[in-house]
file target_39.csv (CSV, C-alpha atoms and all ligand atoms)
chain,number,residue,atom,x,y,z
A,1,MET,CA,87.6,84.6,93.0
A,2,ALA,CA,86.5,87.5,90.9
A,3,VAL,CA,89.1,89.4,88.8
A,4,THR,CA,89.1,92.9,90.2
A,5,THR,CA,92.1,94.4,88.6
A,6,PRO,CA,91.1,98.0,87.8
A,7,LYS,CA,91.5,99.0,84.1
A,8,SER,CA,93.3,102.2,85.0
A,9,ALA,CA,95.9,101.5,87.7
A,10,PRO,CA,97.7,104.8,88.4
A,11,PRO,CA,101.0,105.1,86.5
A,12,GLU,CA,104.2,104.4,88.3
A,13,SER,CA,105.3,107.9,88.0
A,14,GLN,CA,102.7,109.0,90.5
A,15,LEU,CA,105.0,107.8,93.3
A,16,GLY,CA,108.6,108.6,92.7
A,17,SER,CA,109.9,108.0,96.2
A,18,TYR,CA,108.8,107.6,99.8
A,19,ARG,CA,110.2,107.7,103.3
A,20,ALA,CA,111.3,104.4,104.9
A,21,ALA,CA,113.6,103.1,107.6
A,22,VAL,CA,116.5,101.5,106.0
A,23,VAL,CA,119.1,99.0,107.3
A,24,HIS,CA,122.4,99.8,105.5
A,25,LYS,CA,124.7,97.9,107.8
A,26,PHE,CA,124.1,95.2,110.5
A,27,HIS,CA,124.3,96.5,114.1
A,28,LYS,CA,124.1,100.1,112.9
A,29,PRO,CA,121.2,102.5,113.5
A,30,LEU,CA,118.6,102.5,110.8
A,31,THR,CA,118.3,105.7,108.7
A,32,VAL,CA,114.9,107.1,107.8
A,33,GLU,CA,115.3,108.4,104.3
A,34,GLU,CA,113.7,108.7,100.8
A,35,VAL,CA,113.8,105.4,98.8
A,36,PRO,CA,112.8,105.0,95.2
A,37,ALA,CA,109.4,103.4,94.4
A,38,ARG,CA,110.2,100.6,92.0
A,39,PRO,CA,107.8,99.8,89.2
A,40,LEU,CA,105.5,96.9,90.2
A,41,GLU,CA,106.2,93.5,88.8
A,42,PRO,CA,103.5,91.1,87.7
A,43,GLY,CA,101.5,90.0,90.8
A,44,GLN,CA,102.6,92.9,92.9
A,45,ILE,CA,100.7,95.7,94.6
A,46,ARG,CA,101.7,98.9,96.3
A,47,VAL,CA,100.3,99.6,99.8
A,48,GLN,CA,100.1,102.9,101.6
A,49,VAL,CA,101.1,101.8,105.1
A,50,GLU,CA,98.9,102.9,107.9
A,51,ALA,CA,100.5,100.9,110.7
A,52,SER,CA,103.5,98.6,111.1
A,53,GLY,CA,104.5,96.7,114.2
A,54,LEU,CA,108.0,96.2,115.5
A,55,CYS,CA,108.8,92.5,116.0
A,56,HIS,CA,111.9,91.1,117.6
A,57,THR,CA,112.6,89.5,114.2
A,58,ASP,CA,113.1,93.0,112.7
A,59,ILE,CA,115.8,93.6,115.3
A,60,HIS,CA,117.4,90.3,114.5
A,61,ALA,CA,117.2,91.2,110.8
A,62,ALA,CA,118.8,94.6,111.4
A,63,ASN,CA,121.6,92.9,113.3
A,64,GLY,CA,122.1,90.0,110.8
A,65,ASP,CA,121.7,87.6,113.8
A,66,TRP,CA,120.6,84.4,112.1
A,67,PRO,CA,122.2,81.9,109.9
A,68,VAL,CA,120.3,83.1,106.8
A,69,LYS,CA,120.8,86.8,106.6
A,70,PRO,CA,119.1,89.6,104.7
A,71,GLU,CA,121.1,91.7,102.2
A,72,PRO,CA,121.4,95.4,103.1
A,73,PRO,CA,120.1,97.8,102.2
A,74,PHE,CA,116.7,96.7,103.1
A,75,VAL,CA,113.5,98.0,104.9
A,76,PRO,CA,112.4,95.8,107.8
A,77,GLY,CA,108.8,95.2,108.9
A,78,HIS,CA,106.5,92.2,108.5
A,79,GLU,CA,103.4,93.6,110.3
A,80,GLY,CA,102.6,96.3,107.8
A,81,VAL,CA,98.9,97.1,107.3
A,82,GLY,CA,97.5,99.7,104.8
A,83,LYS,CA,95.4,100.4,101.8
A,84,VAL,CA,96.1,99.2,98.3
A,85,VAL,CA,97.0,102.2,96.1
A,86,GLU,CA,98.4,100.6,93.0
A,87,VAL,CA,97.9,97.2,91.4
A,88,GLY,CA,100.4,95.5,89.1
A,89,PRO,CA,99.7,93.3,86.1
A,90,GLY,CA,97.9,90.0,86.8
A,91,VAL,CA,96.7,90.8,90.3
A,92,ALA,CA,93.2,89.2,90.9
A,93,ASP,CA,93.1,88.8,94.6
A,94,VAL,CA,92.9,92.4,95.9
A,95,ALA,CA,91.7,95.7,94.5
A,96,LEU,CA,92.5,99.4,94.9
A,97,GLY,CA,91.3,100.6,98.3
A,98,ASP,CA,91.3,97.2,100.1
A,99,ARG,CA,93.0,97.3,103.5
A,100,VAL,CA,95.5,94.5,103.6
A,101,ALA,CA,98.1,93.0,106.0
A,102,MET,CA,101.5,92.2,104.7
A,103,PRO,CA,102.9,89.3,106.8
A,104,TRP,CA,106.3,87.6,107.0
A,105,LEU,CA,105.3,85.1,104.3
A,106,GLY,CA,105.4,87.6,101.5
A,107,TYR,CA,105.5,85.1,98.7
A,108,ALA,CA,105.5,81.4,98.1
A,109,CYS,CA,105.5,79.2,95.0
A,110,GLY,CA,102.0,77.9,95.4
A,111,THR,CA,102.7,74.6,93.8
A,112,CYS,CA,105.3,72.6,95.9
A,113,ASP,CA,104.3,69.9,98.3
A,114,HIS,CA,104.3,72.3,101.3
A,115,CYS,CA,102.2,74.9,99.5
A,116,VAL,CA,99.5,72.5,98.4
A,117,SER,CA,99.3,70.7,101.7
A,118,GLY,CA,98.5,73.7,103.8
A,119,TRP,CA,102.1,74.4,104.9
A,120,GLU,CA,103.0,77.3,102.6
A,121,THR,CA,105.0,78.7,105.5
A,122,LEU,CA,107.6,75.9,104.7
A,123,CYS,CA,107.9,76.7,101.0
A,124,LEU,CA,111.5,76.7,99.9
A,125,GLU,CA,110.8,79.4,97.4
A,126,GLN,CA,109.3,81.8,99.9
A,127,LYS,CA,110.2,85.5,100.2
A,128,ASN,CA,109.8,87.3,103.4
A,129,MET,CA,108.5,90.8,104.1
A,130,GLY,CA,111.1,93.0,105.7
A,131,TYR,CA,113.8,90.4,105.0
A,132,SER,CA,114.1,89.5,101.3
A,133,ILE,CA,111.3,91.9,100.3
A,134,ASP,CA,111.3,95.5,101.6
A,135,GLY,CA,108.9,95.6,104.4
A,136,GLY,CA,106.4,97.8,106.2
A,137,PHE,CA,108.7,100.4,107.9
A,138,GLY,CA,107.9,103.0,105.3
A,139,GLU,CA,105.1,105.2,103.9
A,140,TYR,CA,104.6,102.6,101.2
A,141,ALA,CA,105.5,99.0,100.7
A,142,THR,CA,105.3,96.6,97.8
A,143,ALA,CA,103.8,93.2,98.3
A,144,TYR,CA,102.5,90.2,96.3
A,145,GLY,CA,98.7,90.5,96.0
A,146,ARG,CA,98.2,86.7,96.5
A,147,TYR,CA,100.1,86.7,99.8
A,148,VAL,CA,98.5,89.6,101.6
A,149,VAL,CA,95.4,89.1,103.7
A,150,LYS,CA,92.5,91.4,103.7
A,151,VAL,CA,91.8,93.1,107.0
A,152,PRO,CA,88.1,93.0,107.7
A,153,ASP,CA,86.2,96.3,108.2
A,154,GLY,CA,85.9,97.3,111.8
A,155,ILE,CA,89.4,96.1,112.8
A,156,ASP,CA,91.6,99.1,113.7
A,157,PRO,CA,94.8,98.9,111.5
A,158,LEU,CA,96.8,99.7,114.7
A,159,ASP,CA,95.4,96.4,116.1
A,160,ALA,CA,95.7,94.5,112.8
A,161,ALA,CA,99.5,95.3,112.6
A,162,PRO,CA,100.5,93.2,115.7
A,163,LEU,CA,98.1,90.5,114.8
A,164,THR,CA,99.9,90.1,111.4
A,165,CYS,CA,102.9,88.5,113.0
A,166,ALA,CA,102.6,88.3,116.8
A,167,GLY,CA,99.0,87.3,116.5
A,168,VAL,CA,99.2,84.7,113.7
A,169,THR,CA,102.5,83.3,115.1
A,170,THR,CA,101.1,82.5,118.5
A,171,TYR,CA,97.7,81.5,117.1
A,172,LYS,CA,99.5,78.9,115.0
A,173,ALA,CA,101.8,77.9,117.9
A,174,VAL,CA,98.7,77.1,120.0
A,175,LYS,CA,97.3,75.1,117.1
A,176,VAL,CA,100.6,73.2,116.7
A,177,ALA,CA,100.6,72.6,120.5
A,178,GLY,CA,97.2,71.0,120.1
A,179,THR,CA,95.8,72.7,123.2
A,180,ARG,CA,92.5,71.2,124.4
A,181,SER,CA,90.1,72.2,127.2
A,182,SER,CA,91.7,71.8,130.6
A,183,ASP,CA,95.2,71.5,129.3
A,184,LEU,CA,97.8,73.4,131.3
A,185,VAL,CA,99.7,75.6,128.9
A,186,ALA,CA,103.0,77.3,130.0
A,187,VAL,CA,103.7,80.5,128.1
A,188,PHE,CA,107.3,81.6,128.4
A,189,GLY,CA,107.7,85.3,127.7
A,190,VAL,CA,104.9,87.8,128.0
A,191,GLY,CA,105.8,90.4,125.3
A,192,GLY,CA,104.4,91.2,121.9
A,193,LEU,CA,103.9,87.5,121.2
A,194,GLY,CA,103.2,86.2,124.7
A,195,HIS,CA,100.3,88.6,125.5
A,196,LEU,CA,98.5,87.1,122.5
A,197,ALA,CA,99.6,83.5,123.1
A,198,ILE,CA,97.9,83.7,126.5
A,199,GLN,CA,94.6,84.7,124.9
A,200,TYR,CA,94.7,82.1,122.1
A,201,ALA,CA,95.6,79.3,124.6
A,202,ALA,CA,92.6,80.4,126.8
A,203,ILE,CA,90.3,80.6,123.8
A,204,ALA,CA,91.3,77.0,123.0
A,205,GLY,CA,90.2,76.0,126.5
A,206,GLY,CA,93.6,75.8,128.1
A,207,ARG,CA,94.5,77.0,131.6
A,208,VAL,CA,97.5,79.3,131.2
A,209,VAL,CA,100.5,79.8,133.4
A,210,ALA,CA,102.6,82.7,132.2
A,211,VAL,CA,106.4,83.0,133.0
A,212,ASP,CA,108.4,86.2,132.7
A,213,LEU,CA,111.1,88.2,134.5
A,214,ILE,CA,109.1,91.5,134.9
A,215,ASP,CA,106.2,91.9,137.3
A,216,GLU,CA,104.3,94.4,135.1
A,217,LYS,CA,104.2,91.9,132.3
A,218,LEU,CA,102.9,89.2,134.6
A,219,GLU,CA,100.2,91.6,135.7
A,220,LEU,CA,99.2,92.1,132.1
A,221,ALA,CA,99.2,88.4,131.6
A,222,ARG,CA,96.7,88.0,134.5
A,223,LYS,CA,94.5,90.6,133.0
A,224,LEU,CA,94.5,88.8,129.6
A,225,GLY,CA,93.5,85.4,131.1
A,226,ALA,CA,96.5,83.8,132.7
A,227,GLU,CA,95.4,81.8,135.7
A,228,PHE,CA,98.9,81.5,137.2
A,229,THR,CA,102.0,83.7,136.8
A,230,ILE,CA,105.6,83.1,137.7
A,231,ASN,CA,108.4,85.6,138.0
A,232,ALA,CA,111.4,83.5,137.0
A,233,THR,CA,113.7,85.8,138.9
A,234,GLU,CA,111.9,84.9,142.1
A,235,ARG,CA,110.8,81.3,141.7
A,236,ASP,CA,112.0,78.4,139.6
A,237,PRO,CA,109.4,78.0,137.0
A,238,VAL,CA,110.2,74.3,136.6
A,239,GLU,CA,109.4,73.5,140.2
A,240,ALA,CA,106.4,75.8,140.3
A,241,ILE,CA,104.8,74.4,137.2
A,242,GLN,CA,105.6,70.8,138.2
A,243,SER,CA,103.9,71.5,141.5
A,244,LEU,CA,100.8,72.3,139.4
A,245,GLY,CA,101.0,68.9,137.8
A,246,GLY,CA,103.3,69.8,134.9
A,247,ALA,CA,102.4,71.6,131.6
A,248,ASP,CA,100.6,69.7,128.8
A,249,GLN,CA,102.2,72.1,126.5
A,250,ALA,CA,104.9,74.8,126.8
A,251,ILE,CA,105.3,77.6,124.3
A,252,ALA,CA,108.8,79.1,124.2
A,253,LEU,CA,108.5,82.8,123.2
A,254,ALA,CA,111.4,84.3,125.1
A,255,VAL,CA,114.6,84.9,123.1
A,256,SER,CA,116.8,83.0,125.6
A,257,PRO,CA,117.9,79.4,125.3
A,258,LYS,CA,117.7,79.1,129.1
A,259,ALA,CA,114.0,79.8,128.9
A,260,PHE,CA,113.6,77.0,126.3
A,261,GLU,CA,115.4,74.6,128.7
A,262,GLN,CA,113.2,75.7,131.6
A,263,ALA,CA,110.1,75.3,129.4
A,264,TYR,CA,111.1,71.8,128.6
A,265,GLY,CA,111.5,71.1,132.3
A,266,THR,CA,107.9,72.2,133.1
A,267,LEU,CA,106.4,69.5,130.9
A,268,ARG,CA,104.4,66.6,132.2
A,269,ARG,CA,104.8,63.1,130.7
A,270,GLY,CA,103.5,63.1,127.1
A,271,GLY,CA,103.9,66.9,127.0
A,272,LYS,CA,104.8,69.0,124.0
A,273,LEU,CA,107.3,71.9,123.8
A,274,VAL,CA,106.8,74.4,121.0
A,275,PHE,CA,109.8,76.4,119.8
A,276,VAL,CA,108.8,79.8,118.5
A,277,ALA,CA,111.2,82.5,119.5
A,278,LEU,CA,114.5,82.6,117.7
A,279,PRO,CA,117.3,83.6,120.0
A,280,ALA,CA,120.5,84.9,118.4
A,281,ASP,CA,122.3,82.2,120.5
A,282,ASN,CA,121.0,79.2,118.4
A,283,TYR,CA,121.4,76.1,120.7
A,284,VAL,CA,119.8,74.5,123.7
A,285,THR,CA,120.8,71.5,125.7
A,286,LEU,CA,118.0,69.0,126.3
A,287,PRO,CA,118.2,65.5,127.7
A,288,ILE,CA,117.6,62.5,125.4
A,289,PHE,CA,116.8,60.0,128.1
A,290,GLU,CA,114.0,62.0,129.7
A,291,THR,CA,112.6,62.9,126.3
A,292,VAL,CA,112.4,59.3,125.2
A,293,LEU,CA,111.1,57.8,128.5
A,294,GLN,CA,108.6,60.6,129.1
A,295,GLY,CA,107.3,60.6,125.5
A,296,ILE,CA,108.0,64.3,125.1
A,297,THR,CA,107.4,66.0,121.7
A,298,ILE,CA,109.5,69.0,120.6
A,299,VAL,CA,108.3,70.9,117.6
A,300,GLY,CA,109.1,74.2,115.8
A,301,SER,CA,106.4,76.6,114.7
A,302,ILE,CA,107.0,79.3,112.2
A,303,VAL,CA,104.4,82.1,111.7
A,304,GLY,CA,101.2,81.0,110.2
A,305,THR,CA,99.4,80.7,106.8
A,306,ARG,CA,97.0,83.1,105.2
A,307,THR,CA,94.2,81.0,106.6
A,308,ASP,CA,95.6,81.2,110.1
A,309,LEU,CA,95.8,85.0,109.7
A,310,ARG,CA,92.2,85.2,108.5
A,311,GLU,CA,91.1,83.3,111.6
A,312,VAL,CA,93.1,85.6,113.8
A,313,PHE,CA,91.3,88.6,112.3
A,314,GLU,CA,88.0,86.8,112.7
A,315,LEU,CA,88.6,86.3,116.4
A,316,HIS,CA,89.6,89.9,116.9
A,317,GLY,CA,86.6,91.1,114.9
A,318,ALA,CA,84.4,89.1,117.2
A,319,GLY,CA,86.0,90.9,120.2
A,320,LYS,CA,87.7,87.8,121.6
A,321,THR,CA,91.3,89.2,121.7
A,322,HIS,CA,92.9,92.4,122.9
A,323,VAL,CA,96.0,93.9,121.4
A,324,ILE,CA,98.3,95.8,123.7
A,325,ARG,CA,100.3,98.3,121.7
A,326,GLU,CA,102.0,101.6,121.9
A,327,VAL,CA,101.8,103.9,118.8
A,328,ARG,CA,105.0,105.8,117.8
A,329,PRO,CA,106.2,107.7,114.7
A,330,LEU,CA,108.5,105.8,112.4
A,331,ASP,CA,111.3,108.3,113.2
A,332,THR,CA,111.6,106.7,116.6
A,333,VAL,CA,112.7,103.4,115.1
A,334,ASN,CA,116.1,103.3,116.7
A,335,ASP,CA,115.0,104.3,120.2
A,336,SER,CA,112.1,101.9,119.9
A,337,ILE,CA,114.5,99.1,119.1
A,338,ALA,CA,116.5,100.0,122.1
A,339,ASP,CA,113.4,100.0,124.3
A,340,VAL,CA,112.3,96.5,123.0
A,341,GLU,CA,115.8,95.1,123.6
A,342,ALA,CA,115.8,96.5,127.2
A,343,GLY,CA,112.3,95.1,127.9
A,344,ARG,CA,110.9,98.6,128.4
A,345,VAL,CA,107.8,97.9,126.2
A,346,ALA,CA,104.7,96.3,127.6
A,347,ALA,CA,103.8,94.4,124.5
A,348,ARG,CA,104.1,95.9,121.0
A,349,ILE,CA,105.3,99.1,119.4
A,350,VAL,CA,103.3,100.1,116.3
A,351,PHE,CA,104.8,102.7,113.9
A,352,GLN,CA,102.7,105.2,112.0
A,353,PRO,CA,104.7,106.3,109.1
B,1,ZN,ZN,107.5,88.8,113.7
B,2,ZN,ZN,105.9,76.3,97.7
call {"tool": "encode", "arguments": {"input": "target_39.csv", "output": "structure tokens", "more": "lines below"}}
Ligand SMILES: [Zn+2]
Ligand SMILES: [Zn+2]
result
Amino acid sequence: MAVTTPKSAPPESQLGSYRAAVVHKFHKPLTVEEVPARPLEPGQIRVQVEASGLCHTDIHAANGDWPVKPEPPFVPGHEGVGKVVEVGPGVADVALGDRVAMPWLGYACGTCDHCVSGWETLCLEQKNMGYSIDGGFGEYATAYGRYVVKVPDGIDPLDAAPLTCAGVTTYKAVKVAGTRSSDLVAVFGVGGLGHLAIQYAAIAGGRVVAVDLIDEKLELARKLGAEFTINATERDPVEAIQSLGGADQAIALAVSPKAFEQAYGTLRRGGKLVFVALPADNYVTLPIFETVLQGITIVGSIVGTRTDLREVFELHGAGKTHVIREVRPLDTVNDSIADVEAGRVAARIVFQP
């Protein structure tokens, strides 16, 4: 790859501070305030954010819901997309003016077994945007040049943002599921992730059955290619999907352990359950006997690699996916979080700083 570091990167002093949404305390509202622009370290770039999606993970981060917690104060956001405006020492992968996406995998070591075998998302040295590195909920963000992904020309940054986590995460989940033509794929949860999972499963040749609790979301699922839909408040998804012959793969995207258990129950013999969502309540109860006798596979899938994200952008650029999103100003961050938690958002909220 050509070295494209400009000779005259703008001096640090050009940007003293910028507005960002900051978590100061878990379970408290975020404050939109001025934060200092720190000098770039070797390998880092500064990005002027054009769009940044709100993922459920950001809400879990702001609440400190998971066993590994971020350290306040921090700026959430791992679907940031924008233009490179400053390049630190030693950056060779991107240049000023490039439009880039800043995904969850903000940094990895590049040399461990995971990194060199195509599983950089499992690197123990990783840093995560919006968690251990300040993320995209601001006018600017700092990222590592090697771990951003260029957004191809012609892709709207407002579409690119949700693709940067919701897209790549579900694209990878379908890869991990191993969906092949004619497989029946059960997608549990039709939100920011689910609406894209349906499309990737269909692109892979699967027949999709979407499960949710809200009729409007199921209607959206049908528009995006789901052949069957089940409202789990009206019908038992296990019975309904077993009556279709059982799912070859089930993808658990709803933040509810009960949905994971139901997803398991929809599998046919030899089926595969992919864990993707991360409910605050961390445990499920699944039977050992049936898992063994029916040859069930259960696997976790965490985001995706830079290559996966490039493929996601390629599919979108080719017109094969539709991103359903609602654009809001960053100042609405707390109301937007409340709306996501209450299920009042069709798919994805994208902030414009
Ligand atoms: Zn996410
Ligand atoms: Zn590594």
call {"tool": "residues_near_ligand", "arguments": {"input": "target_39.csv", "ligand": "ligand ZN 1 (chain B)", "cutoff": "9 Å", "atoms": "all atoms listed in the file", "output": "PyMOL selection string"}}
result
chain A and resi 53-58+77-79+103-104+162+164-166+169+193+303
call {"tool": "closest_residue", "arguments": {"input": "target_39.csv", "among": "A:Asp308, A:Asp113, A:Asp331, A:Glu261", "to": "ligand ZN 2 (chain B)", "atoms": "only C-alpha atoms and all ligand atoms"}}
result
A:Asp113
call {"tool": "residues_around", "arguments": {"input": "target_39.csv", "residues": "A:Ala201", "least_positions_apart": "3", "cutoff": "10 Å", "atoms": "all atoms listed in the file", "output": "PyMOL selection string"}}
result
chain A and resi 170-171+173-175+177-181+183-187+196-198+204-208+225-226+249+251
call {"tool": "write_last_selection", "arguments": {"input": "target_39.csv", "atoms": "C-alpha atoms", "output": "PDB file, in the coordinates of the input"}}
result
ATOM      1  CA  THR A 170     101.100  82.500 118.500  1.00  0.00           C
ATOM      2  CA  TYR A 171      97.700  81.500 117.100  1.00  0.00           C
ATOM      3  CA  ALA A 173     101.800  77.900 117.900  1.00  0.00           C
ATOM      4  CA  VAL A 174      98.700  77.100 120.000  1.00  0.00           C
ATOM      5  CA  LYS A 175      97.300  75.100 117.100  1.00  0.00           C
ATOM      6  CA  ALA A 177     100.600  72.600 120.500  1.00  0.00           C
ATOM      7  CA  GLY A 178      97.200  71.000 120.100  1.00  0.00           C
ATOM      8  CA  THR A 179      95.800  72.700 123.200  1.00  0.00           C
ATOM      9  CA  ARG A 180      92.500  71.200 124.400  1.00  0.00           C
ATOM     10  CA  SER A 181      90.100  72.200 127.200  1.00  0.00           C
ATOM     11  CA  ASP A 183      95.200  71.500 129.300  1.00  0.00           C
ATOM     12  CA  LEU A 184      97.800  73.400 131.300  1.00  0.00           C
ATOM     13  CA  VAL A 185      99.700  75.600 128.900  1.00  0.00           C
ATOM     14  CA  ALA A 186     103.000  77.300 130.000  1.00  0.00           C
ATOM     15  CA  VAL A 187     103.700  80.500 128.100  1.00  0.00           C
ATOM     16  CA  LEU A 196      98.500  87.100 122.500  1.00  0.00           C
ATOM     17  CA  ALA A 197      99.600  83.500 123.100  1.00  0.00           C
ATOM     18  CA  ILE A 198      97.900  83.700 126.500  1.00  0.00           C
ATOM     19  CA  ALA A 204      91.300  77.000 123.000  1.00  0.00           C
ATOM     20  CA  GLY A 205      90.200  76.000 126.500  1.00  0.00           C
ATOM     21  CA  GLY A 206      93.600  75.800 128.100  1.00  0.00           C
ATOM     22  CA  ARG A 207      94.500  77.000 131.600  1.00  0.00           C
ATOM     23  CA  VAL A 208      97.500  79.300 131.200  1.00  0.00           C
ATOM     24  CA  GLY A 225      93.500  85.400 131.100  1.00  0.00           C
ATOM     25  CA  ALA A 226      96.500  83.800 132.700  1.00  0.00           C
ATOM     26  CA  GLN A 249     102.200  72.100 126.500  1.00  0.00           C
ATOM     27  CA  ILE A 251     105.300  77.600 124.300  1.00  0.00           C
TER      28      ILE A 251
END
call {"tool": "closest_residue", "arguments": {"input": "target_39.csv", "among": "A:Tyr18, A:Tyr107, A:Val211, A:Val340", "to": "A:Leu122", "atoms": "all atoms listed in the file"}}
result
A:Tyr107
call {"tool": "closest_atom_pairs", "arguments": {"input": "target_39.csv", "of": "chain A", "to": "ligand ZN 2 (chain B)", "cutoff": "10 Å", "atoms": "only C-alpha atoms and all ligand atoms", "output": "Markdown table"}}
result
| residue | atom | partner | partner_atom | distance |
| --- | --- | --- | --- | --- |
| A:Tyr107 | CA | B:ZN2 | ZN | 8.9 |
| A:Ala108 | CA | B:ZN2 | ZN | 5.1 |
| A:Cys109 | CA | B:ZN2 | ZN | 4.0 |
| A:Gly110 | CA | B:ZN2 | ZN | 4.8 |
| A:Thr111 | CA | B:ZN2 | ZN | 5.3 |
| A:Cys112 | CA | B:ZN2 | ZN | 4.2 |
| A:Asp113 | CA | B:ZN2 | ZN | 6.6 |
| A:His114 | CA | B:ZN2 | ZN | 5.6 |
| A:Cys115 | CA | B:ZN2 | ZN | 4.3 |
| A:Val116 | CA | B:ZN2 | ZN | 7.5 |
| A:Ser117 | CA | B:ZN2 | ZN | 9.5 |
| A:Gly118 | CA | B:ZN2 | ZN | 9.9 |
| A:Trp119 | CA | B:ZN2 | ZN | 8.4 |
| A:Glu120 | CA | B:ZN2 | ZN | 5.8 |
| A:Thr121 | CA | B:ZN2 | ZN | 8.2 |
| A:Leu122 | CA | B:ZN2 | ZN | 7.2 |
| A:Cys123 | CA | B:ZN2 | ZN | 3.9 |
| A:Leu124 | CA | B:ZN2 | ZN | 6.0 |
| A:Glu125 | CA | B:ZN2 | ZN | 5.8 |
| A:Gln126 | CA | B:ZN2 | ZN | 6.8 |
call {"tool": "atom_distance", "arguments": {"input": "target_39.csv", "atom1": "atom CA of A:Arg99", "atom2": "atom CA of A:Lys83"}}
result
4.3 Å
call {"tool": "residues_around", "arguments": {"input": "target_39.csv", "residues": "A:Gln262", "least_positions_apart": "2", "cutoff": "10 Å", "atoms": "only C-alpha atoms", "output": "JSON, numbers by chain"}}
result
{"A": [188, 232, 236, 237, 238, 239, 250, 252, 257, 258, 259, 260, 264, 265, 266, 267, 286]}
call {"tool": "atom_distance", "arguments": {"input": "target_39.csv", "atom1": "atom CA of A:Glu86", "atom2": "atom CA of A:Leu330"}}
result
22.5 Å
call {"tool": "atom_distance", "arguments": {"input": "target_39.csv", "atom1": "atom CA of A:Phe351", "atom2": "atom CA of A:Val327"}}
result
5.9 Å
call {"tool": "residues_near_point", "arguments": {"input": "target_39.csv", "point": "(105.4, 98.3, 99.4)", "cutoff": "9 Å", "atoms": "all atoms listed in the file", "output": "PyMOL selection string"}}
result
chain A and resi 37+44-49+102+133-136+138-143
call {"tool": "residues_near_point", "arguments": {"input": "target_39.csv", "point": "(96.1, 82.1, 104.1)", "cutoff": "9 Å", "atoms": "only C-alpha atoms", "output": "short mmCIF file (atom, residue, chain, number, x, y, z; two decimals) with C-alpha atoms, in the frame of the given file"}}
result
data_model
loop_
_atom_site.label_atom_id
_atom_site.label_comp_id
_atom_site.auth_asym_id
_atom_site.auth_seq_id
_atom_site.Cartn_x
_atom_site.Cartn_y
_atom_site.Cartn_z
CA GLY A 118 98.50 73.70 103.80
CA GLU A 120 103.00 77.30 102.60
CA TYR A 147 100.10 86.70 99.80
CA VAL A 148 98.50 89.60 101.60
CA VAL A 149 95.40 89.10 103.70
CA GLY A 304 101.20 81.00 110.20
CA THR A 305 99.40 80.70 106.80
CA ARG A 306 97.00 83.10 105.20
CA THR A 307 94.20 81.00 106.60
CA ASP A 308 95.60 81.20 110.10
CA LEU A 309 95.80 85.00 109.70
CA ARG A 310 92.20 85.20 108.50
#
call {"tool": "residues_around", "arguments": {"input": "target_39.csv", "residues": "stretch 336-339 of chain A", "least_positions_apart": "5", "cutoff": "7 Å", "atoms": "all atoms listed in the file", "output": "MDAnalysis selection string"}}
result
chainID A and resid 59 344:345
call {"tool": "residues_around", "arguments": {"input": "target_39.csv", "residues": "A:Thr31", "least_positions_apart": "4", "cutoff": "7 Å", "atoms": "all atoms listed in the file", "output": "NGL selection string"}}
result
:A and (21-23)
call {"tool": "residues_around", "arguments": {"input": "target_39.csv", "residues": "A:Ser132", "least_positions_apart": "5", "cutoff": "8 Å", "atoms": "all atoms listed in the file", "output": "list in words"}}
result
Pro70, Glu71, Phe74 and Lys127 of chain A
